[in-house]
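The next block is final.cif, given as mmCIF, C-alpha atoms.
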data_data
loop_
_atom_site.label_atom_id
_atom_site.label_comp_id
_atom_site.auth_asym_id
_atom_site.auth_seq_id
_atom_site.Cartn_x
_atom_site.Cartn_y
_atom_site.Cartn_z
CA MET A 149 -37.59 -16.36 42.92
CA TYR A 150 -36.86 -19.48 44.94
CA ILE A 151 -33.49 -21.10 44.28
CA ARG A 152 -32.05 -23.95 46.32
CA LYS A 153 -28.28 -23.89 46.64
CA ILE A 154 -28.11 -27.59 45.87
CA PRO A 155 -30.63 -28.54 43.17
CA ARG A 156 -32.80 -31.34 44.43
CA LEU A 157 -33.39 -34.51 42.46
CA TYR A 158 -36.82 -36.07 42.72
CA ASN A 159 -37.35 -39.83 42.73
CA CYS A 160 -41.09 -39.43 42.63
CA SER A 161 -43.39 -36.53 41.68
CA LEU A 162 -45.02 -36.81 45.07
CA GLU A 163 -41.86 -35.25 46.52
CA VAL A 164 -42.55 -32.11 44.49
CA THR A 165 -46.04 -31.75 45.94
CA VAL A 166 -44.94 -32.50 49.51
CA GLU A 167 -42.23 -29.83 49.14
CA VAL A 168 -44.68 -27.24 47.79
CA MET A 169 -47.81 -27.84 49.91
CA GLY A 170 -46.57 -30.00 52.77
CA GLY A 171 -46.38 -28.95 56.38
CA LYS A 172 -48.86 -27.91 58.98
CA TRP A 173 -50.29 -24.74 57.43
CA LYS A 174 -50.22 -24.64 53.65
CA PRO A 175 -53.26 -26.84 52.96
CA PHE A 176 -55.34 -24.41 55.06
CA ILE A 177 -53.99 -21.32 53.33
CA ILE A 178 -54.73 -22.83 49.91
CA CYS A 179 -58.20 -23.90 51.08
CA TYR A 180 -59.08 -20.46 52.47
CA LEU A 181 -58.01 -18.75 49.23
CA GLN A 182 -60.45 -20.85 47.19
CA ASN A 183 -63.10 -18.13 46.98
CA GLY A 184 -60.83 -15.31 45.87
CA PRO A 185 -58.22 -12.86 47.17
CA LYS A 186 -57.73 -12.44 50.91
CA ARG A 187 -55.82 -9.95 53.02
CA PRO A 188 -53.21 -11.25 55.47
CA THR A 189 -55.29 -10.19 58.47
CA GLU A 190 -58.29 -12.14 57.12
CA LEU A 191 -56.13 -15.23 56.58
CA GLN A 192 -54.67 -15.00 60.06
CA LYS A 193 -58.17 -15.09 61.52
CA MET A 194 -59.13 -18.07 59.34
CA VAL A 195 -56.01 -20.21 59.89
CA SER A 196 -56.55 -21.20 63.49
CA GLY A 197 -53.46 -20.89 65.67
CA ILE A 198 -51.01 -19.40 63.15
CA SER A 199 -48.83 -16.46 64.22
CA LYS A 200 -48.31 -13.39 62.04
CA ARG A 201 -44.65 -14.26 61.53
CA VAL A 202 -45.27 -17.88 60.55
CA LEU A 203 -48.11 -16.87 58.21
CA ALA A 204 -45.81 -14.35 56.47
CA GLN A 205 -43.17 -17.03 56.06
CA GLN A 206 -45.66 -19.55 54.64
CA MET A 207 -47.03 -16.92 52.22
CA LYS A 208 -43.50 -16.10 51.06
CA GLU A 209 -42.79 -19.77 50.36
CA LEU A 210 -46.06 -20.21 48.48
CA GLU A 211 -45.31 -17.05 46.50
CA ASP A 212 -41.79 -18.25 45.66
CA HIS A 213 -43.30 -21.50 44.39
CA ALA A 214 -45.80 -19.55 42.23
CA ILE A 215 -48.80 -21.00 44.10
CA ILE A 216 -50.06 -17.57 45.15
CA THR A 217 -49.47 -13.99 44.03
CA LYS A 218 -49.24 -10.94 46.25
CA THR A 219 -50.76 -7.66 45.13
CA VAL A 220 -50.08 -4.42 46.97
CA TYR A 221 -52.62 -1.66 46.28
CA ALA A 222 -51.29 1.90 46.47
CA GLU A 223 -53.84 3.06 49.00
CA VAL A 224 -53.40 4.76 52.36
CA PRO A 225 -52.90 2.60 54.35
CA LEU A 226 -51.36 0.14 51.85
CA ARG A 227 -53.62 -2.84 51.13
CA THR A 228 -52.09 -6.26 50.44
CA GLU A 229 -53.98 -9.19 48.96
CA TYR A 230 -53.04 -12.75 48.16
CA GLN A 231 -54.66 -14.99 45.58
CA LEU A 232 -54.11 -18.40 44.04
CA THR A 233 -52.27 -18.64 40.71
CA ALA A 234 -53.29 -21.21 38.07
CA PHE A 235 -50.90 -23.70 39.74
CA GLY A 236 -52.51 -22.94 43.09
CA GLN A 237 -56.01 -23.43 41.64
CA GLU A 238 -54.92 -26.86 40.48
CA LEU A 239 -54.02 -27.78 44.07
CA LEU A 240 -57.56 -27.03 45.24
CA PRO A 241 -58.99 -30.44 44.24
CA VAL A 242 -56.27 -32.08 46.37
CA VAL A 243 -57.11 -29.92 49.38
CA LEU A 244 -60.85 -30.41 48.93
CA MET A 245 -60.37 -34.18 48.70
CA MET A 246 -58.34 -34.03 51.93
CA GLU A 247 -61.18 -32.08 53.54
CA LYS A 248 -63.71 -34.68 52.35
CA TRP A 249 -61.64 -37.57 53.73
CA GLY A 250 -61.31 -35.74 57.05
CA ARG A 251 -65.09 -35.35 57.25
CA MET A 252 -65.54 -39.09 56.64
CA TYR A 253 -62.81 -40.09 59.13
CA GLN A 254 -63.51 -37.58 61.94
CA PRO A 255 -66.26 -39.61 63.71
CA HIS A 256 -63.90 -42.59 63.82
CA LEU A 257 -61.10 -40.48 65.31
CA GLU A 258 -63.43 -39.09 67.96
CA LYS A 259 -64.75 -42.57 68.77
CA MET A 260 -61.17 -43.88 69.19
CA ARG A 261 -60.45 -41.13 71.70
CA ILE A 262 -63.47 -41.85 73.82
CA ALA A 263 -62.87 -45.63 73.81
CA MET B 210 -54.69 -46.97 70.70
CA TYR B 211 -53.89 -43.31 70.21
CA ILE B 212 -55.30 -40.99 72.87
CA ARG B 213 -54.43 -37.34 73.21
CA LYS B 214 -54.36 -36.06 76.78
CA ILE B 215 -56.27 -32.97 75.75
CA PRO B 216 -58.96 -33.86 73.19
CA ARG B 217 -58.54 -31.64 70.18
CA LEU B 218 -61.39 -29.66 68.69
CA TYR B 219 -61.43 -29.31 64.93
CA ASN B 220 -62.60 -26.13 63.20
CA CYS B 221 -62.36 -27.76 59.80
CA SER B 222 -62.16 -31.39 58.64
CA LEU B 223 -58.95 -30.56 56.81
CA GLU B 224 -57.27 -30.44 60.24
CA VAL B 225 -58.12 -34.11 60.72
CA THR B 226 -56.42 -35.10 57.47
CA VAL B 227 -53.37 -32.91 58.07
CA GLU B 228 -53.02 -34.50 61.51
CA VAL B 229 -53.28 -38.03 60.11
CA MET B 230 -51.29 -37.84 56.86
CA GLY B 231 -49.37 -34.58 57.17
CA GLY B 232 -45.62 -34.26 57.48
CA LYS B 233 -42.69 -35.16 55.34
CA TRP B 234 -43.05 -38.94 55.13
CA LYS B 235 -46.60 -40.25 55.43
CA PRO B 236 -47.79 -39.51 51.87
CA PHE B 237 -44.88 -41.65 50.60
CA ILE B 238 -45.59 -44.52 52.98
CA ILE B 239 -49.26 -44.54 51.98
CA CYS B 240 -48.31 -44.34 48.29
CA TYR B 241 -45.84 -47.23 48.51
CA LEU B 242 -48.39 -49.45 50.26
CA GLN B 243 -50.86 -49.04 47.39
CA ASN B 244 -50.00 -52.39 45.78
CA GLY B 245 -50.26 -54.53 48.90
CA PRO B 246 -48.37 -55.40 52.09
CA LYS B 247 -44.75 -54.39 52.49
CA ARG B 248 -42.05 -55.32 54.99
CA PRO B 249 -40.34 -52.49 56.90
CA THR B 250 -37.03 -53.12 55.11
CA GLU B 251 -38.77 -52.81 51.71
CA LEU B 252 -40.41 -49.54 52.78
CA GLN B 253 -37.15 -48.14 54.05
CA LYS B 254 -35.58 -48.72 50.62
CA MET B 255 -38.57 -47.11 48.87
CA VAL B 256 -38.93 -44.01 51.07
CA SER B 257 -35.82 -42.14 50.04
CA GLY B 258 -33.84 -40.69 52.95
CA ILE B 259 -35.87 -42.04 55.87
CA SER B 260 -34.03 -43.58 58.84
CA LYS B 261 -35.11 -46.85 60.45
CA ARG B 262 -36.09 -45.04 63.64
CA VAL B 263 -38.17 -42.36 61.91
CA LEU B 264 -39.86 -44.96 59.70
CA ALA B 265 -40.82 -47.01 62.79
CA GLN B 266 -42.24 -43.89 64.44
CA GLN B 267 -44.26 -42.95 61.34
CA MET B 268 -45.62 -46.52 61.03
CA LYS B 269 -46.63 -46.47 64.68
CA GLU B 270 -48.54 -43.20 64.21
CA LEU B 271 -50.26 -44.51 61.08
CA GLU B 272 -51.15 -47.72 62.93
CA ASP B 273 -52.52 -45.77 65.92
CA HIS B 274 -54.71 -43.80 63.50
CA ALA B 275 -55.97 -47.06 61.89
CA ILE B 276 -54.50 -46.13 58.49
CA ILE B 277 -52.32 -49.24 58.37
CA THR B 278 -52.23 -52.58 60.15
CA LYS B 279 -49.15 -54.49 61.23
CA THR B 280 -49.05 -58.27 60.95
CA VAL B 281 -46.31 -60.31 62.54
CA TYR B 282 -45.91 -63.82 61.09
CA ALA B 283 -44.63 -66.47 63.51
CA GLU B 284 -41.73 -67.51 61.34
CA VAL B 285 -38.03 -67.75 62.13
CA PRO B 286 -36.89 -65.02 61.77
CA LEU B 287 -40.14 -63.17 62.56
CA ARG B 288 -41.64 -61.51 59.51
CA THR B 289 -43.51 -58.20 59.85
CA GLU B 290 -45.74 -56.70 57.18
CA TYR B 291 -47.73 -53.51 56.97
CA GLN B 292 -50.79 -52.88 54.84
CA LEU B 293 -53.40 -50.18 54.33
CA THR B 294 -56.73 -50.47 56.15
CA ALA B 295 -59.99 -49.39 54.51
CA PHE B 296 -59.37 -45.86 55.86
CA GLY B 297 -55.86 -45.94 54.40
CA GLN B 298 -57.18 -47.13 51.03
CA GLU B 299 -59.46 -44.12 51.00
CA LEU B 300 -56.44 -41.83 51.34
CA LEU B 301 -54.88 -43.28 48.19
CA PRO B 302 -56.86 -41.04 45.78
CA VAL B 303 -55.54 -38.01 47.69
CA VAL B 304 -51.95 -39.21 47.44
CA LEU B 305 -52.33 -40.15 43.77
CA MET B 306 -53.78 -36.72 43.01
CA MET B 307 -50.81 -35.13 44.78
CA GLU B 308 -48.50 -37.26 42.65
CA LYS B 309 -50.32 -36.16 39.48
CA TRP B 310 -50.09 -32.48 40.42
CA GLY B 311 -46.37 -32.91 41.14
CA ARG B 312 -45.82 -34.41 37.69
CA MET B 313 -47.59 -31.45 36.08
CA TYR B 314 -45.75 -28.86 38.19
CA GLN B 315 -42.24 -30.39 38.20
CA PRO B 316 -41.06 -28.90 34.83
CA HIS B 317 -42.08 -25.45 36.09
CA LEU B 318 -40.15 -25.92 39.34
CA GLU B 319 -37.06 -27.05 37.44
CA LYS B 320 -37.34 -24.10 35.02
CA MET B 321 -37.57 -21.65 37.94
CA ARG B 322 -34.36 -23.02 39.39
CA ILE B 323 -32.40 -22.65 36.18
CA ALA B 324 -33.67 -19.10 35.51
#
Could you write out this file's structure as structure tokens?
Amino acid sequence: MYIRKIPRLYNCSLEVTVEVMGGKWKPFIICYLQNGPKRPTELQKMVSGISKRVLAQQMKELEDHAIITKTVYAEVPLRTEYQLTAFGQELLPVVLMMEKWGRMYQPHLEKMRIA
Amino acid sequence: MYIRKIPRLYNCSLEVTVEVMGGKWKPFIICYLQNGPKRPTELQKMVSGISKRVLAQQMKELEDHAIITKTVYAEVPLRTEYQLTAFGQELLPVVLMMEKWGRMYQPHLEKMRIA
């Protein structure tokens, strides 16, 4: 359970979303969980450039915010899987719209860099 | 014009969007420009907690990415206004969807903190 020492007041609901899914990595993690549960090693391969430690920290924050759940299967060796909760599923349209905008904008960005 | 020294390769279009609108402040700036041009002093009042220096830096990055344009009116004193470009306008649905998700999720977040 995630508890801030000083409760934060929000002026705008956008602050809530930026707190929960903002940053460099979380949109990717949410995106890559769209097709069902994934193991941490699978996610680390998918999220380009993330270290094991940073991934674990991001997953913990997403779990504390009830965006993902962690399931540990009592196998040898232990198997851990993460999946989106209902709240996390509802973030998918945001992430997919970001992906769509990026696809539209990417040629422009590349053109700017060549110019 | 924004030019990286080492051109970046993108595995996924989401990386483009995270690069352009990611971080703590840009979703707010884009959101607050939705109803037309704003002066920097107006934006600083609207974006809760941002310093003048950080706001200027964020505006410069958004301008370099062609998300906003800056217009300086030859008045005394000089008047500066920022507004969304067509690319910036197309980010508005993303930001508004983030705002909507935040409104839905906020009661849950507040409940978690009391529990």
- [ ] Specify as a PyMOL selection string all residues of chain A found within 10 Å of chain B, counting all atoms listed in the file.
- [x] chain A and resi 149-153+155-176+179+194-196+212-214+235+238-239+241-254+256-258+260-263
Open item on the list: Please enumerate the residues selected by the PyMOL selection byres ((chain B and resi 251) around 12) when evaluated against the supplied file, formatted as a PyMOL selection string.
Closed with: chain B and resi 238+241-242+245-250+252-257+259+261+264+289-291
Open item on the list: Can you measure CA of Val281 in chain B to CA of Met268 in chain B for me? One decimal in Å is fine.
Closed with: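 Separation of CA of Val281 in chain B and CA of Met268 in chain B: 13.9 Å.
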Open item on the list: Let me make sure I understand: among B:Ala283, B:Ser260, B:Ile277, B:Leu271, which one has the smallest atom-to-atom distance to Ala295 in chain B if we use only C-alpha atoms?
Closed with: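 So, comparing all the options, the nearest one is B:Ile277.
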Task: Interatomic distance, CA of Thr217 in chain A to CA of Thr233 in chain A (Å, one decimal) - done: 6.4 Å
TODO: Have a look at CA of Gly236 in chain A and CA of Lys320 in chain B and let me know their distance in Å, one decimal.
DONE: 17.2 Å
